[in-house]
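Trainee: Below you'll find final.cif; it's mmCIF, C-alpha atoms.
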data_data
loop_
_atom_site.group_PDB
_atom_site.id
_atom_site.type_symbol
_atom_site.label_atom_id
_atom_site.label_comp_id
_atom_site.auth_asym_id
_atom_site.auth_seq_id
_atom_site.Cartn_x
_atom_site.Cartn_y
_atom_site.Cartn_z
ATOM 1 C CA MET A 46 -30.719 -36.798 15.881
ATOM 2 C CA SER A 47 -27.053 -35.925 15.326
ATOM 3 C CA PHE A 48 -27.246 -34.325 11.889
ATOM 4 C CA PHE A 49 -26.842 -30.744 13.069
ATOM 5 C CA LYS A 50 -23.196 -30.265 13.918
ATOM 6 C CA LYS A 51 -21.874 -26.740 13.436
ATOM 7 C CA VAL A 52 -19.550 -26.678 10.424
ATOM 8 C CA PHE A 53 -19.972 -23.067 9.247
ATOM 9 C CA SER A 54 -18.417 -20.086 10.990
ATOM 10 C CA ARG A 55 -20.846 -17.826 12.862
ATOM 11 C CA GLU A 56 -20.514 -15.140 10.174
ATOM 12 C CA LYS A 57 -21.192 -17.566 7.328
ATOM 13 C CA LYS A 58 -24.158 -19.059 9.183
ATOM 14 C CA GLU A 59 -25.645 -15.620 9.800
ATOM 15 C CA THR A 60 -25.352 -14.861 6.073
ATOM 16 C CA LEU A 61 -27.152 -18.100 5.259
ATOM 17 C CA ASP A 62 -29.882 -17.415 7.833
ATOM 18 C CA LYS A 63 -30.435 -13.940 6.412
ATOM 19 C CA GLY A 64 -30.417 -15.188 2.810
ATOM 20 C CA LEU A 65 -33.153 -17.739 3.532
ATOM 21 C CA GLU A 66 -35.289 -15.396 5.637
ATOM 22 C CA LYS A 67 -37.984 -14.808 2.990
ATOM 23 C CA SER A 68 -38.326 -18.516 2.195
ATOM 24 C CA LYS A 69 -38.410 -19.429 5.859
ATOM 25 C CA THR A 70 -40.993 -16.756 6.767
ATOM 26 C CA SER A 71 -43.258 -17.730 3.871
ATOM 27 C CA PHE A 72 -43.028 -21.419 4.721
ATOM 28 C CA PHE A 73 -43.845 -20.989 8.407
ATOM 29 C CA GLU A 74 -46.726 -18.634 7.693
ATOM 30 C CA LYS A 75 -48.261 -21.356 5.515
ATOM 31 C CA LEU A 76 -47.461 -24.048 8.081
ATOM 32 C CA THR A 77 -48.960 -22.046 10.958
ATOM 33 C CA THR A 78 -52.170 -21.557 8.976
ATOM 34 C CA ALA A 79 -52.281 -25.249 8.054
ATOM 35 C CA VAL A 80 -52.042 -26.531 11.638
ATOM 36 C CA ALA A 81 -54.086 -23.783 13.326
ATOM 37 C CA GLY A 82 -56.441 -25.297 15.894
ATOM 38 C CA LYS A 83 -54.919 -28.776 15.586
ATOM 39 C CA SER A 84 -52.947 -30.338 18.395
ATOM 40 C CA THR A 85 -51.678 -33.619 16.893
ATOM 41 C CA VAL A 86 -50.080 -34.639 13.611
ATOM 42 C CA ASP A 87 -52.786 -36.734 11.937
ATOM 43 C CA ALA A 88 -53.769 -37.577 8.347
ATOM 44 C CA GLU A 89 -55.395 -34.191 7.860
ATOM 45 C CA VAL A 90 -52.334 -32.314 9.083
ATOM 46 C CA LEU A 91 -50.113 -34.418 6.801
ATOM 47 C CA ASP A 92 -52.334 -33.581 3.819
ATOM 48 C CA ASP A 93 -52.042 -29.886 4.666
ATOM 49 C CA LEU A 94 -48.282 -30.247 5.156
ATOM 50 C CA GLU A 95 -48.017 -31.845 1.718
ATOM 51 C CA ASP A 96 -49.720 -28.785 0.208
ATOM 52 C CA VAL A 97 -47.406 -26.438 2.114
ATOM 53 C CA LEU A 98 -44.256 -28.229 0.907
ATOM 54 C CA ILE A 99 -45.405 -28.339 -2.710
ATOM 55 C CA SER A 100 -46.437 -24.674 -2.669
ATOM 56 C CA SER A 101 -42.994 -23.873 -1.221
ATOM 57 C CA ASP A 102 -41.380 -25.303 -4.380
ATOM 58 C CA VAL A 103 -39.915 -28.390 -2.734
ATOM 59 C CA GLY A 104 -41.341 -30.421 -5.653
ATOM 60 C CA VAL A 105 -43.884 -33.250 -5.698
ATOM 61 C CA GLU A 106 -41.470 -36.205 -5.629
ATOM 62 C CA THR A 107 -39.390 -34.869 -2.755
ATOM 63 C CA THR A 108 -42.517 -33.780 -0.849
ATOM 64 C CA LEU A 109 -43.948 -37.314 -1.023
ATOM 65 C CA LYS A 110 -40.678 -38.731 0.328
ATOM 66 C CA ILE A 111 -40.779 -36.261 3.241
ATOM 67 C CA ILE A 112 -44.428 -37.074 4.020
ATOM 68 C CA ASP A 113 -43.622 -40.820 3.973
ATOM 69 C CA ARG A 114 -40.826 -40.273 6.476
ATOM 70 C CA ILE A 115 -43.035 -38.234 8.796
ATOM 71 C CA GLU A 116 -45.865 -40.788 8.539
ATOM 72 C CA ALA A 117 -43.405 -43.490 9.604
ATOM 73 C CA ARG A 118 -42.253 -41.283 12.485
ATOM 74 C CA VAL A 119 -45.858 -40.695 13.609
ATOM 75 C CA ALA A 120 -46.628 -44.428 13.447
ATOM 76 C CA LYS A 121 -43.536 -45.203 15.525
ATOM 77 C CA ASP A 122 -43.972 -42.458 18.137
ATOM 78 C CA LYS A 123 -47.792 -42.876 18.334
ATOM 79 C CA TYR A 124 -48.385 -39.290 19.404
ATOM 80 C CA ILE A 125 -46.726 -36.220 17.929
ATOM 81 C CA GLY A 126 -48.016 -32.744 18.741
ATOM 82 C CA THR A 127 -48.148 -30.100 16.024
ATOM 83 C CA ASN A 128 -45.782 -27.989 18.153
ATOM 84 C CA ALA A 129 -43.068 -30.570 17.371
ATOM 85 C CA LEU A 130 -43.682 -30.514 13.600
ATOM 86 C CA ASN A 131 -41.010 -27.903 12.924
ATOM 87 C CA GLU A 132 -38.274 -29.984 14.589
ATOM 88 C CA ILE A 133 -39.471 -33.200 12.930
ATOM 89 C CA LEU A 134 -39.436 -31.569 9.501
ATOM 90 C CA ARG A 135 -35.922 -30.334 10.129
ATOM 91 C CA GLU A 136 -34.714 -33.782 11.179
ATOM 92 C CA GLU A 137 -36.498 -35.798 8.492
ATOM 93 C CA ILE A 138 -35.479 -33.538 5.602
ATOM 94 C CA ALA A 139 -31.886 -33.580 6.860
ATOM 95 C CA GLY A 140 -32.173 -37.369 7.065
ATOM 96 C CA LEU A 141 -33.495 -37.579 3.510
ATOM 97 C CA LEU A 142 -30.740 -35.378 2.081
ATOM 98 C CA SER A 143 -28.069 -37.176 4.087
ATOM 99 C CA GLU A 144 -28.791 -40.237 1.918
ATOM 100 C CA THR A 145 -27.199 -38.421 -1.039
ATOM 101 C CA ASN A 146 -23.419 -38.194 -1.070
ATOM 102 C CA VAL A 147 -23.357 -34.512 -2.035
ATOM 103 C CA GLY A 148 -23.814 -31.163 -0.310
ATOM 104 C CA ASN A 149 -21.146 -31.887 2.298
ATOM 105 C CA GLU A 150 -18.747 -29.052 1.454
ATOM 106 C CA ILE A 151 -17.575 -26.456 3.953
ATOM 107 C CA GLU A 152 -15.093 -24.436 1.865
ATOM 108 C CA PHE A 153 -14.441 -23.611 -1.793
ATOM 109 C CA THR A 154 -12.067 -26.272 -3.076
ATOM 110 C CA ILE A 155 -10.953 -27.853 -6.337
ATOM 111 C CA PRO A 156 -9.380 -31.278 -6.955
ATOM 112 C CA SER A 157 -5.607 -31.064 -6.685
ATOM 113 C CA LYS A 158 -5.003 -33.592 -9.482
ATOM 114 C CA ASN A 159 -6.153 -31.242 -12.270
ATOM 115 C CA LYS A 160 -4.117 -28.148 -13.108
ATOM 116 C CA PRO A 161 -5.500 -25.999 -14.453
ATOM 117 C CA TYR A 162 -8.957 -27.073 -13.240
ATOM 118 C CA VAL A 163 -11.335 -26.020 -16.015
ATOM 119 C CA ILE A 164 -14.930 -25.029 -15.234
ATOM 120 C CA MET A 165 -17.329 -24.326 -18.101
ATOM 121 C CA VAL A 166 -20.331 -22.294 -16.911
ATOM 122 C CA VAL A 167 -23.717 -22.628 -18.627
ATOM 123 C CA GLY A 168 -27.184 -21.187 -17.982
ATOM 124 C CA VAL A 169 -29.791 -18.961 -19.598
ATOM 125 C CA ASN A 170 -29.292 -15.203 -19.660
ATOM 126 C CA GLY A 171 -30.425 -13.416 -16.511
ATOM 127 C CA VAL A 172 -29.894 -16.204 -13.976
ATOM 128 C CA GLY A 173 -26.813 -14.580 -12.431
ATOM 129 C CA LYS A 174 -24.190 -16.463 -14.423
ATOM 130 C CA THR A 175 -21.679 -13.609 -14.705
ATOM 131 C CA THR A 176 -22.119 -12.633 -11.055
ATOM 132 C CA THR A 177 -21.605 -16.246 -9.981
ATOM 133 C CA ILE A 178 -18.392 -16.440 -12.031
ATOM 134 C CA GLY A 179 -17.140 -13.216 -10.462
ATOM 135 C CA LYS A 180 -17.893 -14.316 -6.903
ATOM 136 C CA LEU A 181 -16.488 -17.795 -7.530
ATOM 137 C CA SER A 182 -13.274 -16.193 -8.794
ATOM 138 C CA ALA A 183 -13.071 -14.104 -5.624
ATOM 139 C CA GLN A 184 -13.543 -17.175 -3.417
ATOM 140 C CA PHE A 185 -10.917 -19.219 -5.258
ATOM 141 C CA LYS A 186 -8.505 -16.295 -5.136
ATOM 142 C CA LYS A 187 -9.110 -16.004 -1.388
ATOM 143 C CA GLN A 188 -7.986 -19.645 -1.145
ATOM 144 C CA GLY A 189 -4.677 -18.615 -2.718
ATOM 145 C CA LEU A 190 -5.493 -20.022 -6.172
ATOM 146 C CA LYS A 191 -4.546 -18.358 -9.463
ATOM 147 C CA VAL A 192 -7.662 -17.808 -11.598
ATOM 148 C CA VAL A 193 -8.107 -17.000 -15.302
ATOM 149 C CA LEU A 194 -11.480 -16.135 -16.848
ATOM 150 C CA GLY A 195 -12.653 -16.619 -20.423
ATOM 151 C CA ALA A 196 -15.465 -14.565 -22.018
ATOM 152 C CA ALA A 197 -16.863 -17.141 -24.458
ATOM 153 C CA ASP A 198 -20.391 -15.685 -24.397
ATOM 154 C CA THR A 199 -19.601 -13.639 -27.512
ATOM 155 C CA PHE A 200 -23.278 -13.445 -28.502
ATOM 156 C CA ARG A 201 -23.831 -10.363 -26.287
ATOM 157 C CA ALA A 202 -21.417 -7.460 -25.886
ATOM 158 C CA ALA A 203 -22.911 -6.841 -22.430
ATOM 159 C CA ALA A 204 -21.857 -10.318 -21.278
ATOM 160 C CA ILE A 205 -18.218 -9.608 -22.176
ATOM 161 C CA ASP A 206 -18.290 -6.162 -20.564
ATOM 162 C CA GLN A 207 -19.952 -7.462 -17.375
ATOM 163 C CA LEU A 208 -17.327 -10.170 -17.026
ATOM 164 C CA GLN A 209 -14.602 -7.537 -17.525
ATOM 165 C CA VAL A 210 -16.078 -5.506 -14.661
ATOM 166 C CA TRP A 211 -15.922 -8.570 -12.403
ATOM 167 C CA ALA A 212 -12.390 -9.473 -13.553
ATOM 168 C CA ASP A 213 -11.230 -5.937 -12.714
ATOM 169 C CA ARG A 214 -13.050 -5.970 -9.369
ATOM 170 C CA VAL A 215 -11.567 -9.296 -8.305
ATOM 171 C CA ASN A 216 -8.236 -8.556 -10.020
ATOM 172 C CA VAL A 217 -7.998 -11.672 -12.172
ATOM 173 C CA PRO A 218 -7.052 -11.814 -15.877
ATOM 174 C CA LEU A 219 -9.813 -12.099 -18.508
ATOM 175 C CA VAL A 220 -9.292 -13.455 -22.003
ATOM 176 C CA ARG A 221 -11.756 -11.849 -24.408
ATOM 177 C CA GLN A 222 -12.362 -11.136 -28.083
ATOM 178 C CA GLU A 223 -14.823 -8.930 -29.924
ATOM 179 C CA MET A 224 -18.572 -9.600 -29.886
ATOM 180 C CA GLY A 225 -19.477 -12.139 -32.556
ATOM 181 C CA SER A 226 -16.114 -13.953 -32.312
ATOM 182 C CA ASP A 227 -16.023 -17.751 -32.300
ATOM 183 C CA PRO A 228 -16.672 -18.856 -28.661
ATOM 184 C CA ALA A 229 -14.443 -21.904 -29.135
ATOM 185 C CA SER A 230 -11.589 -19.632 -30.199
ATOM 186 C CA VAL A 231 -11.970 -17.644 -26.960
ATOM 187 C CA ALA A 232 -11.952 -20.859 -24.925
ATOM 188 C CA PHE A 233 -8.825 -22.057 -26.755
ATOM 189 C CA ASP A 234 -7.006 -18.763 -26.114
ATOM 190 C CA THR A 235 -8.097 -18.791 -22.461
ATOM 191 C CA LEU A 236 -6.641 -22.232 -21.815
ATOM 192 C CA LYS A 237 -3.413 -21.384 -23.665
ATOM 193 C CA SER A 238 -3.069 -18.287 -21.484
ATOM 194 C CA ALA A 239 -3.907 -20.202 -18.302
ATOM 195 C CA VAL A 240 -1.318 -22.910 -19.021
ATOM 196 C CA ALA A 241 1.318 -20.250 -19.798
ATOM 197 C CA GLN A 242 0.545 -18.504 -16.482
ATOM 198 C CA ASN A 243 0.519 -21.790 -14.535
ATOM 199 C CA ALA A 244 -3.047 -20.991 -13.388
ATOM 200 C CA ASP A 245 -4.894 -23.218 -10.932
ATOM 201 C CA VAL A 246 -8.458 -22.540 -12.094
ATOM 202 C CA VAL A 247 -10.002 -21.524 -15.416
ATOM 203 C CA ILE A 248 -13.649 -20.407 -15.577
ATOM 204 C CA ILE A 249 -15.213 -20.123 -19.042
ATOM 205 C CA ASP A 250 -18.483 -18.228 -19.539
ATOM 206 C CA THR A 251 -20.740 -19.472 -22.358
ATOM 207 C CA ALA A 252 -23.865 -18.223 -24.110
ATOM 208 C CA GLY A 253 -27.301 -19.108 -22.702
ATOM 209 C CA ARG A 254 -29.486 -19.435 -25.782
ATOM 210 C CA LEU A 255 -31.712 -22.238 -24.560
ATOM 211 C CA HIS A 256 -34.478 -21.479 -27.077
ATOM 212 C CA ASN A 257 -32.351 -23.175 -29.741
ATOM 213 C CA LYS A 258 -31.033 -26.314 -28.084
ATOM 214 C CA VAL A 259 -29.470 -27.755 -31.252
ATOM 215 C CA ASN A 260 -27.267 -24.690 -31.812
ATOM 216 C CA LEU A 261 -26.432 -24.520 -28.109
ATOM 217 C CA MET A 262 -25.504 -28.214 -28.038
ATOM 218 C CA ASN A 263 -23.303 -27.836 -31.102
ATOM 219 C CA GLU A 264 -21.614 -24.743 -29.708
ATOM 220 C CA LEU A 265 -20.873 -26.299 -26.302
ATOM 221 C CA THR A 266 -19.608 -29.500 -27.931
ATOM 222 C CA LYS A 267 -17.275 -27.480 -30.164
ATOM 223 C CA ILE A 268 -15.968 -25.483 -27.175
ATOM 224 C CA LYS A 269 -15.192 -28.730 -25.336
ATOM 225 C CA MET A 270 -13.390 -30.252 -28.353
ATOM 226 C CA VAL A 271 -11.254 -27.169 -28.885
ATOM 227 C CA MET A 272 -10.354 -26.897 -25.171
ATOM 228 C CA ARG A 273 -9.132 -30.492 -25.227
ATOM 229 C CA LYS A 274 -6.462 -29.516 -27.749
ATOM 230 C CA VAL A 275 -4.838 -27.583 -24.887
ATOM 231 C CA VAL A 276 -5.946 -29.494 -21.755
ATOM 232 C CA ALA A 277 -6.727 -33.093 -22.670
ATOM 233 C CA ASP A 278 -9.536 -33.757 -20.169
ATOM 234 C CA ALA A 279 -11.141 -30.286 -20.121
ATOM 235 C CA PRO A 280 -13.630 -29.225 -18.987
ATOM 236 C CA HIS A 281 -13.365 -30.905 -15.586
ATOM 237 C CA GLU A 282 -16.672 -29.420 -14.488
ATOM 238 C CA VAL A 283 -19.751 -28.075 -16.292
ATOM 239 C CA LEU A 284 -21.534 -25.765 -13.839
ATOM 240 C CA LEU A 285 -25.183 -24.938 -14.568
ATOM 241 C CA VAL A 286 -26.406 -21.716 -12.937
ATOM 242 C CA LEU A 287 -30.121 -21.630 -12.028
ATOM 243 C CA ASP A 288 -32.203 -18.713 -10.750
ATOM 244 C CA GLY A 289 -33.762 -19.867 -7.466
ATOM 245 C CA SER A 290 -36.450 -17.184 -7.668
ATOM 246 C CA THR A 291 -38.033 -19.005 -10.633
ATOM 247 C CA GLY A 292 -38.997 -21.946 -8.398
ATOM 248 C CA GLN A 293 -40.165 -24.937 -10.395
ATOM 249 C CA ASN A 294 -38.925 -23.351 -13.627
ATOM 250 C CA ALA A 295 -35.413 -23.979 -12.304
ATOM 251 C CA PHE A 296 -36.187 -27.718 -12.435
ATOM 252 C CA GLU A 297 -37.244 -27.335 -16.072
ATOM 253 C CA GLN A 298 -34.104 -25.392 -16.993
ATOM 254 C CA ALA A 299 -31.986 -28.107 -15.386
ATOM 255 C CA LYS A 300 -33.775 -30.758 -17.448
ATOM 256 C CA GLN A 301 -33.355 -28.787 -20.681
ATOM 257 C CA PHE A 302 -29.669 -28.055 -20.168
ATOM 258 C CA THR A 303 -28.870 -31.640 -19.270
ATOM 259 C CA LEU A 304 -30.304 -32.562 -22.669
ATOM 260 C CA ALA A 305 -28.039 -30.017 -24.369
ATOM 261 C CA THR A 306 -24.795 -30.876 -22.561
ATOM 262 C CA GLU A 307 -23.334 -32.968 -19.762
ATOM 263 C CA VAL A 308 -23.867 -30.940 -16.568
ATOM 264 C CA SER A 309 -21.835 -32.001 -13.526
ATOM 265 C CA SER A 310 -22.744 -29.385 -10.881
ATOM 266 C CA LEU A 311 -25.352 -26.728 -10.093
ATOM 267 C CA ALA A 312 -25.370 -23.244 -8.581
ATOM 268 C CA VAL A 313 -28.729 -21.864 -7.387
ATOM 269 C CA THR A 314 -28.740 -18.064 -7.196
ATOM 270 C CA LYS A 315 -30.918 -15.195 -5.892
ATOM 271 C CA LEU A 316 -32.275 -17.091 -2.880
ATOM 272 C CA ASP A 317 -32.223 -13.971 -0.714
ATOM 273 C CA GLY A 318 -34.826 -12.201 -2.846
ATOM 274 C CA THR A 319 -37.369 -15.002 -3.043
ATOM 275 C CA ALA A 320 -39.676 -17.192 -0.971
ATOM 276 C CA LYS A 321 -38.873 -20.160 -3.226
ATOM 277 C CA GLY A 322 -35.789 -21.453 -1.403
ATOM 278 C CA GLY A 323 -37.457 -24.844 -0.982
ATOM 279 C CA VAL A 324 -36.472 -25.520 -4.591
ATOM 280 C CA VAL A 325 -32.917 -26.238 -3.391
ATOM 281 C CA ILE A 326 -34.206 -29.117 -1.243
ATOM 282 C CA GLY A 327 -36.074 -30.620 -4.196
ATOM 283 C CA ILE A 328 -33.227 -30.178 -6.664
ATOM 284 C CA SER A 329 -30.698 -31.588 -4.189
ATOM 285 C CA ASP A 330 -32.878 -34.649 -3.642
ATOM 286 C CA GLN A 331 -34.089 -35.332 -7.179
ATOM 287 C CA PHE A 332 -31.247 -34.571 -9.558
ATOM 288 C CA GLN A 333 -28.280 -36.812 -10.005
ATOM 289 C CA ILE A 334 -26.361 -33.531 -10.325
ATOM 290 C CA PRO A 335 -25.081 -32.015 -7.070
ATOM 291 C CA VAL A 336 -25.986 -28.503 -5.955
ATOM 292 C CA LYS A 337 -22.527 -27.093 -5.306
ATOM 293 C CA TYR A 338 -23.111 -23.374 -4.659
ATOM 294 C CA ILE A 339 -25.956 -21.131 -3.545
ATOM 295 C CA GLY A 340 -26.340 -17.374 -3.827
ATOM 296 C CA VAL A 341 -27.781 -15.806 -0.673
ATOM 297 C CA GLY A 342 -27.049 -12.106 -1.179
ATOM 298 C CA GLU A 343 -25.342 -9.467 -3.306
ATOM 299 C CA GLY A 344 -22.018 -9.250 -1.496
ATOM 300 C CA LEU A 345 -18.813 -10.958 -2.661
ATOM 301 C CA ASP A 346 -19.017 -13.448 0.196
ATOM 302 C CA ASP A 347 -22.710 -14.162 -0.339
ATOM 303 C CA LEU A 348 -21.985 -17.002 -2.730
ATOM 304 C CA GLN A 349 -21.658 -20.017 -0.439
ATOM 305 C CA VAL A 350 -20.810 -23.657 -0.894
ATOM 306 C CA PHE A 351 -24.004 -25.663 -0.444
ATOM 307 C CA ASN A 352 -23.909 -27.623 2.778
ATOM 308 C CA LYS A 353 -27.207 -29.516 2.975
ATOM 309 C CA ILE A 354 -27.265 -29.860 6.769
ATOM 310 C CA GLU A 355 -26.527 -26.182 7.402
ATOM 311 C CA PHE A 356 -29.118 -25.255 4.742
ATOM 312 C CA VAL A 357 -31.881 -27.349 6.330
ATOM 313 C CA ASP A 358 -30.916 -26.131 9.788
ATOM 314 C CA SER A 359 -31.219 -22.481 8.663
ATOM 315 C CA PHE A 360 -34.461 -23.095 6.754
ATOM 316 C CA PHE A 361 -36.337 -24.883 9.546
ATOM 317 C CA LYS A 362 -34.848 -23.623 12.818
#
Will you turn the file into C-alpha cells for me?

Mentor:
Amino acid sequence: MSFFKKVFSREKKETLDKGLEKSKTSFFEKLTTAVAGKSTVDAEVLDDLEDVLISSDVGVETTLKIIDRIEARVAKDKYIGTNALNEILREEIAGLLSETNVGNEIEFTIPSKNKPYVIMVVGVNGVGKTTTIGKLSAQFKKQGLKVVLGAADTFRAAAIDQLQVWADRVNVPLVRQEMGSDPASVAFDTLKSAVAQNADVVIIDTAGRLHNKVNLMNELTKIKMVMRKVVADAPHEVLLVLDGSTGQNAFEQAKQFTLATEVSSLAVTKLDGTAKGGVVIGISDQFQIPVKYIGVGEGLDDLQVFNKIEFVDSFFK
C-alpha cells in the first residue's frame, strides 16, 4: 500500500521512533507470545491479536475495527502467514486512520486568518499542560511567530511560577497576576497585551479542577466571554492535554472535559515513558476531536505534530 511516504525529516522521525520504543517493544512482546508456534493467521490468532490490541490500550471499539479489516484481508488473500502480521497491522491501521481527515500535519502551523490566534489550554493537573504550553511556544517562535502567554491557572501558585520558567526559557512574554486572582481577568489582560504587541499567537493556561465540573464549566465559560470583549471570536482553539501514560483513563478525561467545555484539539503527552502509546491510535480513531500534538520526550523539540501515518509507521515497523 502507498500510505507510508516519508514526510518527517530523519531527525524528527528518529525522535518519534525513540519516543514510541517502550510501547512498540511491549506490543511486539505480547504479539510474539500470542502467535508462538502458529504459522497462519486464523480465528485463534485473531482472537489473540484482539487481546493484544486491547491490552495495549488501543481501545475496544478501534480494536474491533482493526480485527474486521484483517479478517477481510485474510478472506481475500486466503493464506496469510503470521510472519506477515506485523506488516498487515501496519497497513490496516494506517488505512483505518486515513479515513479520518485529521492527523495529516507535518509542521506547527496556525490559520493565517486569525490574528492573534487564541489557544485556551485545558487539562487536569499533572498531565504536562505547562510543559506542553512551553514547548508549543518554542515551536511557534521557531516558525517566526510572536507568542504571548497568559497564566490563568491562578488556583495554584506553582502553575504560575512554572509557566514563568517556561516563558523565560523560551523568551516570550507572560501576563500574570497573583495567586487567587480572577482567571478571566488574566485572560482579558493577556489578550489586551497581545493585541497591543501585534502578537500572532496567544496561549492561555487554565485550571484543571475536574473533580468539580460545574465550577470548571462556569470558569471556562466566563474566561471565553471575557476574552471575546477583546477578540470577538476567541478562543479559536481549545486544546485538551492528556497524559498518555494513563492509558484508558485518558479516554475518560477526554469524555469528562468535553462535557465541561467545547474541546477542539488534543495533545497526548509522556508517550516516551510508557508502554501505552496505543491509546493515541484509539483516541485518533474514536473521538471527533483531532489529536494535534504528541509528547515523545523531555527536550524542547520532543513535542511533535501528530502525523498519523508516521506514527503508525514508527509503532509497527

Trainee: Report, in Å to a single decimal, how far apart atom CA of Thr291 of chain A and atom CA of Lys67 of chain A are.

Mentor: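 That distance, rounded to one decimal, is 14.3 Å.
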
Trainee: So which residues touch segment 185-189 of chain A within 9 Å, counting all atoms listed in the file, skipping near sequence neighbours fewer than 2 positions away, as a list in words?

Mentor: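 Those residues are Phe153, Thr154, Ile155, Lys180, Leu181, Ser182, Ala183, Lys191, Val192, Val215, Val217 and Val246 of chain A.
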
Trainee: Report as an MDAnalysis selection string the residues that result from applying the PyMOL selection byres ((chain A and resi 347) around 12) to the structure here.

Mentor: chainID A and resid 56:65 176:177 179:181 183:184 314:317 338:346 348:351

Trainee: From (-28.4, -26.1, -3.0), in the file's coordinates, out to 12 Å: which residues are reached, counting all atoms listed in the file? Answer as a PDB file with C-alpha atoms, in the coordinates of the input.

Mentor:
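Final output, saved to out35.pdb:
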ATOM      1  CA  LEU A  61     -27.152 -18.100   5.259  1.00  0.00           C
ATOM      2  CA  LEU A  65     -33.153 -17.739   3.532  1.00  0.00           C
ATOM      3  CA  VAL A 103     -39.915 -28.390  -2.734  1.00  0.00           C
ATOM      4  CA  LEU A 142     -30.740 -35.378   2.081  1.00  0.00           C
ATOM      5  CA  VAL A 147     -23.357 -34.512  -2.035  1.00  0.00           C
ATOM      6  CA  GLY A 148     -23.814 -31.163  -0.310  1.00  0.00           C
ATOM      7  CA  ASN A 149     -21.146 -31.887   2.298  1.00  0.00           C
ATOM      8  CA  GLU A 150     -18.747 -29.052   1.454  1.00  0.00           C
ATOM      9  CA  VAL A 286     -26.406 -21.716 -12.937  1.00  0.00           C
ATOM     10  CA  LEU A 287     -30.121 -21.630 -12.028  1.00  0.00           C
ATOM     11  CA  ASP A 288     -32.203 -18.713 -10.750  1.00  0.00           C
ATOM     12  CA  GLY A 289     -33.762 -19.867  -7.466  1.00  0.00           C
ATOM     13  CA  ALA A 295     -35.413 -23.979 -12.304  1.00  0.00           C
ATOM     14  CA  SER A 310     -22.744 -29.385 -10.881  1.00  0.00           C
ATOM     15  CA  LEU A 311     -25.352 -26.728 -10.093  1.00  0.00           C
ATOM     16  CA  ALA A 312     -25.370 -23.244  -8.581  1.00  0.00           C
ATOM     17  CA  VAL A 313     -28.729 -21.864  -7.387  1.00  0.00           C
ATOM     18  CA  THR A 314     -28.740 -18.064  -7.196  1.00  0.00           C
ATOM     19  CA  LYS A 315     -30.918 -15.195  -5.892  1.00  0.00           C
ATOM     20  CA  LEU A 316     -32.275 -17.091  -2.880  1.00  0.00           C
ATOM     21  CA  GLY A 322     -35.789 -21.453  -1.403  1.00  0.00           C
ATOM     22  CA  GLY A 323     -37.457 -24.844  -0.982  1.00  0.00           C
ATOM     23  CA  VAL A 324     -36.472 -25.520  -4.591  1.00  0.00           C
ATOM     24  CA  VAL A 325     -32.917 -26.238  -3.391  1.00  0.00           C
ATOM     25  CA  ILE A 326     -34.206 -29.117  -1.243  1.00  0.00           C
ATOM     26  CA  GLY A 327     -36.074 -30.620  -4.196  1.00  0.00           C
ATOM     27  CA  ILE A 328     -33.227 -30.178  -6.664  1.00  0.00           C
ATOM     28  CA  SER A 329     -30.698 -31.588  -4.189  1.00  0.00           C
ATOM     29  CA  ASP A 330     -32.878 -34.649  -3.642  1.00  0.00           C
ATOM     30  CA  GLN A 331     -34.089 -35.332  -7.179  1.00  0.00           C
ATOM     31  CA  PHE A 332     -31.247 -34.571  -9.558  1.00  0.00           C
ATOM     32  CA  ILE A 334     -26.361 -33.531 -10.325  1.00  0.00           C
ATOM     33  CA  PRO A 335     -25.081 -32.015  -7.070  1.00  0.00           C
ATOM     34  CA  VAL A 336     -25.986 -28.503  -5.955  1.00  0.00           C
ATOM     35  CA  LYS A 337     -22.527 -27.093  -5.306  1.00  0.00           C
ATOM     36  CA  TYR A 338     -23.111 -23.374  -4.659  1.00  0.00           C
ATOM     37  CA  ILE A 339     -25.956 -21.131  -3.545  1.00  0.00           C
ATOM     38  CA  GLY A 340     -26.340 -17.374  -3.827  1.00  0.00           C
ATOM     39  CA  VAL A 341     -27.781 -15.806  -0.673  1.00  0.00           C
ATOM     40  CA  LEU A 348     -21.985 -17.002  -2.730  1.00  0.00           C
ATOM     41  CA  GLN A 349     -21.658 -20.017  -0.439  1.00  0.00           C
ATOM     42  CA  VAL A 350     -20.810 -23.657  -0.894  1.00  0.00           C
ATOM     43  CA  PHE A 351     -24.004 -25.663  -0.444  1.00  0.00           C
ATOM     44  CA  ASN A 352     -23.909 -27.623   2.778  1.00  0.00           C
ATOM     45  CA  LYS A 353     -27.207 -29.516   2.975  1.00  0.00           C
ATOM     46  CA  ILE A 354     -27.265 -29.860   6.769  1.00  0.00           C
ATOM     47  CA  GLU A 355     -26.527 -26.182   7.402  1.00  0.00           C
ATOM     48  CA  PHE A 356     -29.118 -25.255   4.742  1.00  0.00           C
ATOM     49  CA  VAL A 357     -31.881 -27.349   6.330  1.00  0.00           C
ATOM     50  CA  PHE A 360     -34.461 -23.095   6.754  1.00  0.00           C
TER      51      PHE A 360
END

Trainee: Evaluate the PyMOL selection byres ((chain A and resi 91-95) around 9) and record the selected residues as JSON, numbers by chain, following the chain and residue labels used in the document.

Mentor: {"A": [75, 76, 79, 80, 86, 87, 88, 89, 90, 96, 97, 98, 99, 100, 105, 108, 109, 111, 112, 115, 116]}

Trainee: Between A:Thr319, A:Gln222, A:Ser290, A:Asn159, which one has atoms that come closest to Val240 of chain A, using all atoms listed in the file?

Mentor: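 Looking only at the distances to Val240 of chain A, the closest residue turns out to be A:Asn159.
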
Trainee: Pull the neighbourhood of (-10.9, -20.3, -23.2) for me: all residues within 10 Å in file coordinates, counting only C-alpha atoms, as a PyMOL selection string.

Mentor: chain A and resi 163+165+193-197+219-221+228-239+247-251+268-269+271-272+275

Trainee: Just to confirm, what's the straight-line distance from atom CA of Asn128 of chain A to atom CA of Lys362 of chain A in Å (one decimal)?

Mentor: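 Distance reported for this atom pair: 12.9 Å.
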
Trainee: Build an axis-aligned box that encloses every atom of segment 176-195 of chain A listed in the file, pad it by 4 Å on each side, and report its centre and edge lengths in Å to one decimal, as AutoDock Vina command-line options.

Mentor:
--center_x -13.3 --center_y -16.3 --center_z -10.8 --size_x 25.6 --size_y 15.4 --size_z 27.3

Trainee: Would you mind reading off the distance between atom CA of Thr127 of chain A and atom CA of Thr85 of chain A, one decimal, in Å?

Mentor: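 Interatomic distance, atom CA of Thr127 of chain A to atom CA of Thr85 of chain A: 5.1 Å.
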